[in-house]
Structures are given as C-alpha cells and as structure tokens.
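K.L.:
My file is structure-v9.txt. It has compact mmCIF, C-alpha atoms:
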# COMPACT_ATOMS: atom_id res chain seq x y z
CA MET Z 3 127.77 24.03 67.60
CA SER Z 4 131.20 25.62 67.61
CA ASP Z 5 134.28 23.59 66.88
CA PRO Z 6 136.71 23.77 69.87
CA ALA Z 7 139.65 23.15 67.53
CA ALA Z 8 138.78 26.30 65.60
CA ALA Z 9 138.89 28.52 68.68
CA PRO Z 10 141.86 30.91 68.95
CA ARG Z 11 144.74 29.40 70.87
CA PRO Z 12 146.14 31.37 73.81
CA ARG Z 13 149.60 32.84 73.27
CA ALA Z 14 150.91 30.69 76.10
CA ALA Z 15 150.43 27.73 73.75
CA LEU Z 16 153.51 28.97 71.94
CA ALA Z 17 155.62 27.70 74.81
CA ALA Z 18 154.22 24.19 74.49
CA GLN Z 19 155.16 23.79 70.83
CA PRO Z 20 158.19 21.75 69.76
CA ALA Z 21 161.33 23.32 68.28
CA GLY Z 22 159.43 24.50 65.18
CA LEU Z 23 157.06 26.39 67.52
CA GLY Z 24 153.98 25.20 65.63
CA PRO Z 25 151.49 27.24 63.58
CA PHE Z 26 150.66 30.62 65.03
CA ARG Z 27 150.34 34.12 63.61
CA VAL Z 28 153.32 36.43 63.29
CA LEU Z 29 153.09 40.03 62.12
CA VAL Z 30 156.21 41.32 60.34
CA VAL Z 31 156.40 45.13 60.61
CA GLU Z 32 159.05 46.17 58.08
CA ASP Z 33 159.15 48.97 55.49
CA ASP Z 34 161.84 47.29 53.36
CA PRO Z 35 160.02 44.81 51.04
CA ASP Z 36 163.12 42.65 50.57
CA MET Z 37 163.72 42.32 54.31
CA ALA Z 38 160.02 41.68 54.94
CA GLY Z 39 160.00 38.93 52.33
CA PHE Z 40 163.14 37.36 53.81
CA LEU Z 41 161.63 37.30 57.32
CA VAL Z 42 158.38 35.84 56.01
CA ARG Z 43 160.30 33.04 54.29
CA LEU Z 44 162.13 32.23 57.53
CA LEU Z 45 158.84 32.15 59.42
CA VAL Z 46 157.17 29.89 56.86
CA GLN Z 47 160.15 27.53 57.07
CA GLN Z 48 159.43 27.30 60.80
CA GLY Z 49 155.81 26.38 60.05
CA LEU Z 50 154.47 29.78 61.12
CA GLN Z 51 151.77 31.93 59.57
CA ALA Z 52 153.11 35.35 58.56
CA GLU Z 53 151.52 38.68 57.67
CA ILE Z 54 153.21 41.97 56.73
CA ALA Z 55 152.60 45.56 57.84
CA ALA Z 56 154.63 47.98 55.72
CA ASP Z 57 154.77 50.79 58.28
CA GLY Z 58 153.98 51.72 61.87
CA TYR Z 59 150.46 52.95 61.18
CA ALA Z 60 149.53 49.76 59.34
CA ALA Z 61 150.94 47.77 62.27
CA LEU Z 62 148.71 49.62 64.76
CA ALA Z 63 145.63 48.93 62.63
CA GLN Z 64 146.42 45.23 62.13
CA ILE Z 65 147.27 44.61 65.78
CA ALA Z 66 144.05 46.35 66.88
CA ALA Z 67 141.94 44.38 64.39
CA ALA Z 68 143.44 40.94 65.10
CA PRO Z 69 146.27 40.75 67.65
CA PRO Z 70 148.97 38.35 66.42
CA ASP Z 71 150.79 35.87 68.63
CA LEU Z 72 154.15 37.49 67.89
CA VAL Z 73 155.38 40.71 66.28
CA LEU Z 74 158.69 41.18 64.44
CA LEU Z 75 159.03 44.96 64.72
CA ASP Z 76 161.54 47.03 62.76
CA VAL Z 77 162.94 49.89 64.83
CA GLN Z 78 164.00 52.20 61.99
CA MET Z 79 160.98 53.16 59.87
CA PRO Z 80 159.85 56.49 58.42
CA GLU Z 81 156.87 58.41 59.84
CA MET Z 82 156.34 56.10 62.86
CA ASP Z 83 159.23 53.90 63.98
CA GLY Z 84 159.08 50.73 66.07
CA PHE Z 85 159.32 52.63 69.34
CA GLY Z 86 156.45 54.83 68.17
CA VAL Z 87 154.31 51.72 67.64
CA LEU Z 88 155.19 50.53 71.14
CA ARG Z 89 154.34 53.91 72.68
CA GLU Z 90 150.98 54.07 70.89
CA LEU Z 91 149.94 50.55 71.90
CA GLY Z 92 151.37 50.51 75.41
CA ALA Z 93 152.92 47.50 77.11
CA ASP Z 94 149.60 45.88 78.06
CA ALA Z 95 148.29 45.77 74.48
CA MET Z 96 151.61 44.81 72.87
CA PRO Z 97 151.86 41.14 71.80
CA PRO Z 98 155.16 39.33 72.41
CA VAL Z 99 157.70 41.18 70.31
CA ILE Z 100 161.12 40.74 68.72
CA PHE Z 101 162.63 44.04 67.61
CA VAL Z 102 164.64 44.12 64.38
CA THR Z 103 167.28 46.84 64.31
CA ALA Z 104 170.33 48.12 62.48
CA HIS Z 105 173.43 49.18 64.42
CA ASP Z 106 171.56 51.67 66.61
CA LYS Z 107 173.62 51.88 69.82
CA TYR Z 108 170.83 53.58 71.74
CA ALA Z 109 168.26 50.94 70.78
CA ILE Z 110 170.58 48.00 71.42
CA GLN Z 111 171.54 49.35 74.84
CA ALA Z 112 167.86 49.77 75.71
CA PHE Z 113 167.12 46.19 74.63
CA GLU Z 114 170.04 44.75 76.57
CA VAL Z 115 169.21 46.64 79.78
CA ASN Z 116 165.56 45.56 79.66
CA ALA Z 117 166.11 41.97 78.44
CA ILE Z 118 164.18 42.66 75.22
CA ASP Z 119 164.48 40.15 72.38
CA TYR Z 120 165.97 41.66 69.23
CA LEU Z 121 167.53 40.74 65.89
CA LEU Z 122 170.46 42.72 64.54
CA LYS Z 123 170.57 43.43 60.81
CA PRO Z 124 171.70 41.79 58.63
CA VAL Z 125 169.47 39.01 59.93
CA THR Z 126 170.78 35.47 59.55
CA ARG Z 127 168.92 32.19 59.89
CA GLU Z 128 170.98 31.30 62.95
CA ARG Z 129 170.19 34.56 64.75
CA PHE Z 130 166.56 34.22 63.75
CA SER Z 131 166.29 30.70 65.21
CA LYS Z 132 167.96 31.79 68.45
CA ALA Z 133 165.58 34.74 68.82
CA LEU Z 134 162.55 32.47 68.36
CA GLY Z 135 164.04 30.11 70.95
CA ARG Z 136 164.37 32.97 73.45
CA VAL Z 137 160.74 33.95 72.86
CA ARG Z 138 159.65 30.36 73.54
CA GLU Z 139 161.65 30.27 76.78
CA ARG Z 140 160.30 33.64 77.91
CA ILE Z 141 156.67 32.66 77.29
CA ALA Z 142 157.22 29.29 78.99
CA ALA Z 143 158.56 31.07 82.07
CA TYR Z 144 156.42 34.22 82.21
CA GLY Z 145 153.49 33.75 79.81
CA THR Z 146 152.61 37.08 78.18
CA ASP Z 147 153.87 39.22 81.07
CA ASN Z 148 155.15 42.42 79.49
CA GLU Z 149 156.86 43.92 82.51
CA HIS Z 150 160.14 44.09 80.56
CA VAL Z 151 158.35 46.02 77.79
CA GLN Z 152 156.94 48.44 80.36
CA SER Z 153 160.47 48.96 81.64
CA LEU Z 154 161.63 49.74 78.09
CA LEU Z 155 158.84 52.31 77.68
CA GLN Z 156 159.90 54.00 80.90
CA GLN Z 157 163.49 54.20 79.68
CA LEU Z 158 162.38 55.62 76.33
CA ALA Z 159 160.36 58.28 78.15
CA ALA Z 160 163.37 59.44 80.15
CA PRO Z 161 165.36 62.42 78.86
CA ARG Z 162 168.04 61.28 76.46
CA LYS Z 163 171.30 62.69 75.22
CA TYR Z 164 171.51 63.56 71.55
CA LEU Z 165 174.45 63.43 69.20
CA ALA Z 166 176.80 66.42 69.53
CA ARG Z 167 179.32 65.46 66.85
CA VAL Z 168 179.80 62.87 64.11
CA ALA Z 169 183.00 60.85 63.69
CA LEU Z 170 184.16 60.40 60.10
CA ARG Z 171 186.68 57.67 59.24
CA SER Z 172 188.73 57.98 56.06
CA ALA Z 173 192.22 56.96 54.94
CA GLY Z 174 193.35 55.94 58.40
CA ARG Z 175 192.14 59.16 60.03
CA ILE Z 176 189.15 60.10 62.17
CA THR Z 177 187.79 63.61 61.84
CA PHE Z 178 184.84 65.17 63.63
CA VAL Z 179 181.93 67.32 62.53
CA ASN Z 180 179.80 69.23 65.02
CA VAL Z 181 176.13 68.59 64.30
CA GLU Z 182 175.41 72.34 64.51
CA ASP Z 183 177.54 72.75 61.37
CA ILE Z 184 175.44 70.31 59.35
CA GLN Z 185 173.05 72.25 57.12
CA TYR Z 186 171.09 69.24 55.95
CA VAL Z 187 171.26 65.47 55.67
CA GLN Z 188 170.40 63.60 52.47
CA ALA Z 189 169.75 59.85 52.27
CA ALA Z 190 171.79 57.78 49.81
CA GLU Z 191 170.58 54.15 50.16
CA ASN Z 192 172.25 52.84 53.36
CA TYR Z 193 174.37 55.97 53.64
CA VAL Z 194 173.68 59.61 54.36
CA GLN Z 195 175.42 62.63 52.90
CA LEU Z 196 176.12 65.40 55.40
CA HIS Z 197 175.97 68.80 53.73
CA LEU Z 198 178.05 71.51 55.41
CA LYS Z 199 178.65 75.07 54.24
CA THR Z 200 181.80 74.22 52.28
CA ALA Z 201 182.01 70.41 52.35
CA ARG Z 202 180.09 67.15 52.03
CA HIS Z 203 180.73 63.94 53.92
CA LEU Z 204 179.39 60.43 53.40
CA LEU Z 205 178.44 58.45 56.50
CA HIS Z 206 177.53 54.75 56.52
CA VAL Z 207 174.26 54.84 58.47
CA PRO Z 208 170.56 54.75 57.44
CA ILE Z 209 168.87 58.14 57.66
CA ALA Z 210 166.26 56.90 60.16
CA THR Z 211 169.01 55.68 62.50
CA LEU Z 212 170.82 59.01 62.33
CA GLU Z 213 167.56 60.91 62.85
CA SER Z 214 166.91 59.03 66.10
CA SER Z 215 170.24 60.35 67.42
CA LEU Z 216 169.64 63.99 66.43
CA ASP Z 217 167.94 66.57 68.64
CA PRO Z 218 164.43 67.09 67.17
CA ARG Z 219 164.53 70.69 68.37
CA LEU Z 220 167.46 71.28 66.00
CA PHE Z 221 166.72 68.94 63.08
CA LEU Z 222 163.49 68.73 61.09
CA ARG Z 223 162.55 65.87 58.73
CA ILE Z 224 161.01 67.40 55.60
CA HIS Z 225 161.13 64.40 53.27
CA ARG Z 226 161.74 60.67 53.45
CA SER Z 227 165.31 61.40 52.31
CA LEU Z 228 165.95 64.86 53.81
CA ILE Z 229 166.59 66.23 57.32
CA VAL Z 230 167.27 69.95 57.76
CA ASN Z 231 169.07 71.86 60.50
CA VAL Z 232 166.43 74.47 61.41
CA ARG Z 233 169.10 77.02 62.36
CA HIS Z 234 170.10 77.18 58.70
CA ILE Z 235 166.57 77.73 57.33
CA LEU Z 236 166.18 81.19 55.79
CA GLU Z 237 162.60 80.93 54.50
CA LEU Z 238 159.83 78.62 53.36
CA GLU Z 239 158.09 78.90 50.01
CA THR Z 240 154.65 77.31 49.87
CA GLY Z 241 153.65 75.11 46.95
CA LEU Z 242 150.25 74.47 45.40
CA HIS Z 243 149.79 70.96 46.76
CA GLY Z 244 150.89 71.22 50.39
CA GLU Z 245 154.62 70.94 49.81
CA TYR Z 246 157.25 73.50 50.78
CA VAL Z 247 160.51 74.66 49.28
CA VAL Z 248 162.92 75.06 52.18
CA VAL Z 249 165.50 77.75 51.43
CA LEU Z 250 168.71 77.62 53.45
CA ASN Z 251 171.15 80.39 54.36
CA GLY Z 252 173.74 78.98 51.99
CA GLY Z 253 171.34 79.12 49.05
CA ALA Z 254 170.27 75.47 48.89
CA ARG Z 255 166.61 74.92 47.96
CA LEU Z 256 165.11 71.67 49.26
CA GLN Z 257 161.72 70.27 48.25
CA SER Z 258 159.62 68.82 51.05
CA SER Z 259 157.01 66.11 50.55
CA ARG Z 260 153.30 66.57 51.26
CA SER Z 261 153.34 63.93 53.98
CA TYR Z 262 155.51 66.26 56.09
CA HIS Z 263 153.31 69.33 55.53
CA GLU Z 264 151.74 69.42 59.00
CA LYS Z 265 155.06 68.81 60.73
CA ILE Z 266 156.71 71.71 58.88
CA LYS Z 267 153.68 73.95 59.35
CA SER Z 268 153.71 73.28 63.08
CA TRP Z 269 157.42 74.08 63.30
CA ALA Z 270 156.99 77.33 61.37
CA ALA Z 271 154.00 78.61 63.38
CA ASN Z 272 154.38 81.35 65.99
CA PRO Z 273 153.73 80.17 69.59
CA PHE Z 274 151.14 82.94 70.16
Since I need it in another form, could you write the structure as structure tokens?
P.N.:
Amino acid sequence: MSDPAAAPRPRAALAAQPAGLGPFRVLVVEDDPDMAGFLVRLLVQQGLQAEIAADGYAALAQIAAAPPDLVLLDVQMPEMDGFGVLRELGADAMPPVIFVTAHDKYAIQAFEVNAIDYLLKPVTRERFSKALGRVRERIAAYGTDNEHVQSLLQQLAAPRKYLARVALRSAGRITFVNVEDIQYVQAAENYVQLHLKTARHLLHVPIATLESSLDPRLFLRIHRSLIVNVRHILELETGLHGEYVVVLNGGARLQSSRSYHEKIKSWAANPF
C-alpha cells in the first residue's frame, strides 16, 4: 500500500508554505561553480532541496527526467543560455522560474515588461529572499499558470535590434567603437578585450552578455573565450581533431575549440 505522504506534492503547495517556503526541489542552472554553490547555500538555509545543472543541456535533461518545483536559471551561459533552455522546453513544460542575470539591459527589459521574476548579479541574500517571496505570491494567486512566460517567449521571438557601437569610458571621456571595426573579441574573466586593426580596448562585460547583443550574422563564436567578426576572416585551416585555425585579414591566427566545429563548418559551407 502506497504511503500518501510520500506522493509528490503539487507545485501549488509552495504557496501554502510559511515564510521559509518549506521543503521542495529547486534546480539551480548555473555554469559558474562558485555562484551555483552560493545559491545552493541560500536555498538550504531556506529549508529547500537543491540540485545543480552546470549548463543548459544538463538543465533540459534534468527537467525532463524529474521536473523540479522551481528553477533558478542563469541567462548568460555558453553553448545554450537561459533563453535557449526556455525556448527548447516551451512555456507549458517550464516549471516556475527565477532568472539570474548580469547587467543585460535587453534581458532585464524583457523581464520587467513580462513581469518575470529575476535576480540581478551580484546576488545578495536580501534580493534572494524577495525573489522567493514574489514566487510564493505568484503561485498563490495564479498557481503554475505560465502565461507571463509565454509572453516572454513571444517577445524573444520578435526581431530585435543589435548593437551598432560600443561606448568606452576612460579618464573622464567616452569614446565609441563601431562593431564593424571589431576584428575579434577575447574574454578576460568578467571583461572582454576588443581587438581592432590598430588598437585594443577593455570593456567590463562578460563575453556571453556581449555576444547576446551582437548580430549573429556578423559575429561567430569559435571558442568559449573568442568571438570573431566574420567580415575579417581570411581563411580557415582545418586541424586533425575537428578544430580550426581562423586566420584574419590583419594576420591574427585564432584557435577554435572542437565544440564549435559544427557551427563553424555550417557558417563556412556554400548555400548550394
């Protein structure tokens, strides 16, 4: 005879829990181990059960295998970002979600317009508690209705405007660089280095955040830490293990990683 207490609790039960929200399963989707560990500690302090998915593909697999009661979903991740996870799952299959994002103006605007719960990095305990409180109120009022998530998906599907120039602040001045003049972008921890023909500039933004603002028809990710302006590519040299050496007009030689092989191969193929 089955034990009723062992049966899975409906997500709506989240709304009936006291301030600590009670024990339920939360999936933390975060590629930064330190941030993932910090979020897990905050969840455990709230009496919640936490699991980690280190990237978007792992998140899809874990949600499909055992849907959690809540997902903390990082927006900026390599390969498949948080929006990619949402697109793959669809609004109907997406559990209640709190997005975790850096200072991505496009993402924040989309969340605000569609009343999506989000946490802005760096995450603090106070912001975290408020976000959990909003989730509780939303589920109490609407259950697991994901109409607001469907609205976000529709906005993400609409044509968007990409970055045309980058503002650089230094020594009390603001200068501008047209994105067409950028030959390639190189990650440097939480910064990126913009490589131009005769200059380099450091910009305080994660490479994934910058990539989301660049036109994918003009910029190609070839490595976790490299984005190339395709108009500056002179040739590709193939390696023995699926990697490429991307040779630019200015003479720079950039090594791709094998994980981007198919993406580069698709870009380089003739359309006939």
K.L.:
I'd like the interatomic distance between CA of Thr177 in chain Z and CA of Leu228 in chain Z, to a tenth of an Å.
P.N.:
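Calculated distance between CA of Thr177 in chain Z and CA of Leu228 in chain Z is 23.3 Å.
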K.L.:
Pick out the closest residue to Ala190 in chain Z from this set: Z:Arg167, Z:Arg226, Z:Arg219, Z:His150. Count only C-alpha atoms.
P.N.:
Z:Arg226
K.L.:
What separation in Å, quoted to one decimal, exists between CA of Ser258 in chain Z and CA of Met82 in chain Z?
P.N.:
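Pair CA of Ser258 in chain Z / CA of Met82 in chain Z returns 17.7 Å.
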K.L.:
CA of Leu154 in chain Z and CA of Ile110 in chain Z, how far apart in Å?
P.N.:
11.3 Å
K.L.:
Please determine, counting all atoms listed in the file, which residue among Z:Gly49, Z:Pro208, Z:Gly92, Z:Gly39 has the shortest atom-to-atom distance to Gln78 in chain Z.
P.N.:
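Among Z:Gly49, Z:Pro208, Z:Gly92, Z:Gly39, it is Z:Pro208 that comes nearest to Gln78 in chain Z.
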K.L.:
Find, counting only C-alpha atoms, the residue in Z:Gly174, Z:Pro218, Z:Pro98, Z:Pro80 that gets nearest to Arg138 in chain Z.
P.N.:
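Of Z:Gly174, Z:Pro218, Z:Pro98, Z:Pro80, the one nearest Arg138 in chain Z, counting only C-alpha atoms, is Z:Pro98.
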K.L.:
Got a sec: who's within 8 Å of Arg223 in chain Z, counting all atoms listed in the file, leaving out chain neighbours fewer than 6 positions off, as a list in words?
P.N.:
Ile229, Val230 and Tyr262 of chain Z
K.L.:
For Leu242 in chain Z, which of Z:Arg260, Z:Lys132, Z:Arg171, Z:Arg140 is the closest residue, counting all atoms listed in the file?
P.N.:
Z:Arg260
K.L.:
Nearest to Thr211 in chain Z among Z:Leu91, Z:Val179, Z:Ala109, Z:Leu121, with distances taken over only C-alpha atoms: which residue is it?
P.N.:
Z:Ala109
K.L.:
Taking all atoms listed in the file into account, name the residue in Z:Pro69, Z:Leu222, Z:Lys267, Z:Gln195 that is nearest to Gly244 in chain Z.
P.N.:
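Nearest candidate to Gly244 in chain Z out of Z:Pro69, Z:Leu222, Z:Lys267, Z:Gln195: Z:Lys267.
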K.L.:
So that I can check the surroundings of Leu198 in chain Z, please list as a PDB file with C-alpha atoms, keeping the file's coordinate frame every protein, DNA and RNA residue that reaches within 12 Å of it, counting all atoms listed in the file and ignoring chain neighbours fewer than 3 positions away.
P.N.:
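Everything below was put into around.pdb:
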ATOM      1  CA  VAL Z 179     181.930  67.320  62.530  1.00  0.00           C
ATOM      2  CA  ASN Z 180     179.800  69.230  65.020  1.00  0.00           C
ATOM      3  CA  VAL Z 181     176.130  68.590  64.300  1.00  0.00           C
ATOM      4  CA  GLU Z 182     175.410  72.340  64.510  1.00  0.00           C
ATOM      5  CA  ASP Z 183     177.540  72.750  61.370  1.00  0.00           C
ATOM      6  CA  ILE Z 184     175.440  70.310  59.350  1.00  0.00           C
ATOM      7  CA  GLN Z 185     173.050  72.250  57.120  1.00  0.00           C
ATOM      8  CA  TYR Z 186     171.090  69.240  55.950  1.00  0.00           C
ATOM      9  CA  VAL Z 187     171.260  65.470  55.670  1.00  0.00           C
ATOM     10  CA  GLN Z 188     170.400  63.600  52.470  1.00  0.00           C
ATOM     11  CA  GLN Z 195     175.420  62.630  52.900  1.00  0.00           C
ATOM     12  CA  ALA Z 201     182.010  70.410  52.350  1.00  0.00           C
ATOM     13  CA  ARG Z 202     180.090  67.150  52.030  1.00  0.00           C
ATOM     14  CA  HIS Z 203     180.730  63.940  53.920  1.00  0.00           C
ATOM     15  CA  LEU Z 204     179.390  60.430  53.400  1.00  0.00           C
ATOM     16  CA  VAL Z 230     167.270  69.950  57.760  1.00  0.00           C
ATOM     17  CA  ASN Z 231     169.070  71.860  60.500  1.00  0.00           C
ATOM     18  CA  HIS Z 234     170.100  77.180  58.700  1.00  0.00           C
ATOM     19  CA  LEU Z 250     168.710  77.620  53.450  1.00  0.00           C
ATOM     20  CA  ASN Z 251     171.150  80.390  54.360  1.00  0.00           C
ATOM     21  CA  GLY Z 252     173.740  78.980  51.990  1.00  0.00           C
ATOM     22  CA  GLY Z 253     171.340  79.120  49.050  1.00  0.00           C
ATOM     23  CA  ALA Z 254     170.270  75.470  48.890  1.00  0.00           C
TER      24      ALA Z 254
END
K.L.:
Using only C-alpha atoms, which residues sit within 12 Å of Ala63 in chain Z once same-chain residues fewer than 4 positions away are excluded, as a ChimeraX atom specification?
P.N.:
/Z:29,31,54-59,67-70,87,90-91
K.L.:
Taking 5 positions as the minimum chain separation for residues in the same chain, which residues sit within 9 Å of Ser131 in chain Z when counting only C-alpha atoms? Answer as a ChimeraX atom specification.
P.N.:
/Z:44,48,126,136
K.L.:
Could those selected residues go to a file with C-alpha atoms, as an mmCIF file, in the coordinates of the input?
P.N.:
data_model
loop_
_atom_site.group_PDB
_atom_site.id
_atom_site.type_symbol
_atom_site.label_atom_id
_atom_site.label_comp_id
_atom_site.auth_asym_id
_atom_site.auth_seq_id
_atom_site.Cartn_x
_atom_site.Cartn_y
_atom_site.Cartn_z
ATOM 1 C CA LEU Z 44 162.130 32.230 57.530
ATOM 2 C CA GLN Z 48 159.430 27.300 60.800
ATOM 3 C CA THR Z 126 170.780 35.470 59.550
ATOM 4 C CA ARG Z 136 164.370 32.970 73.450
#
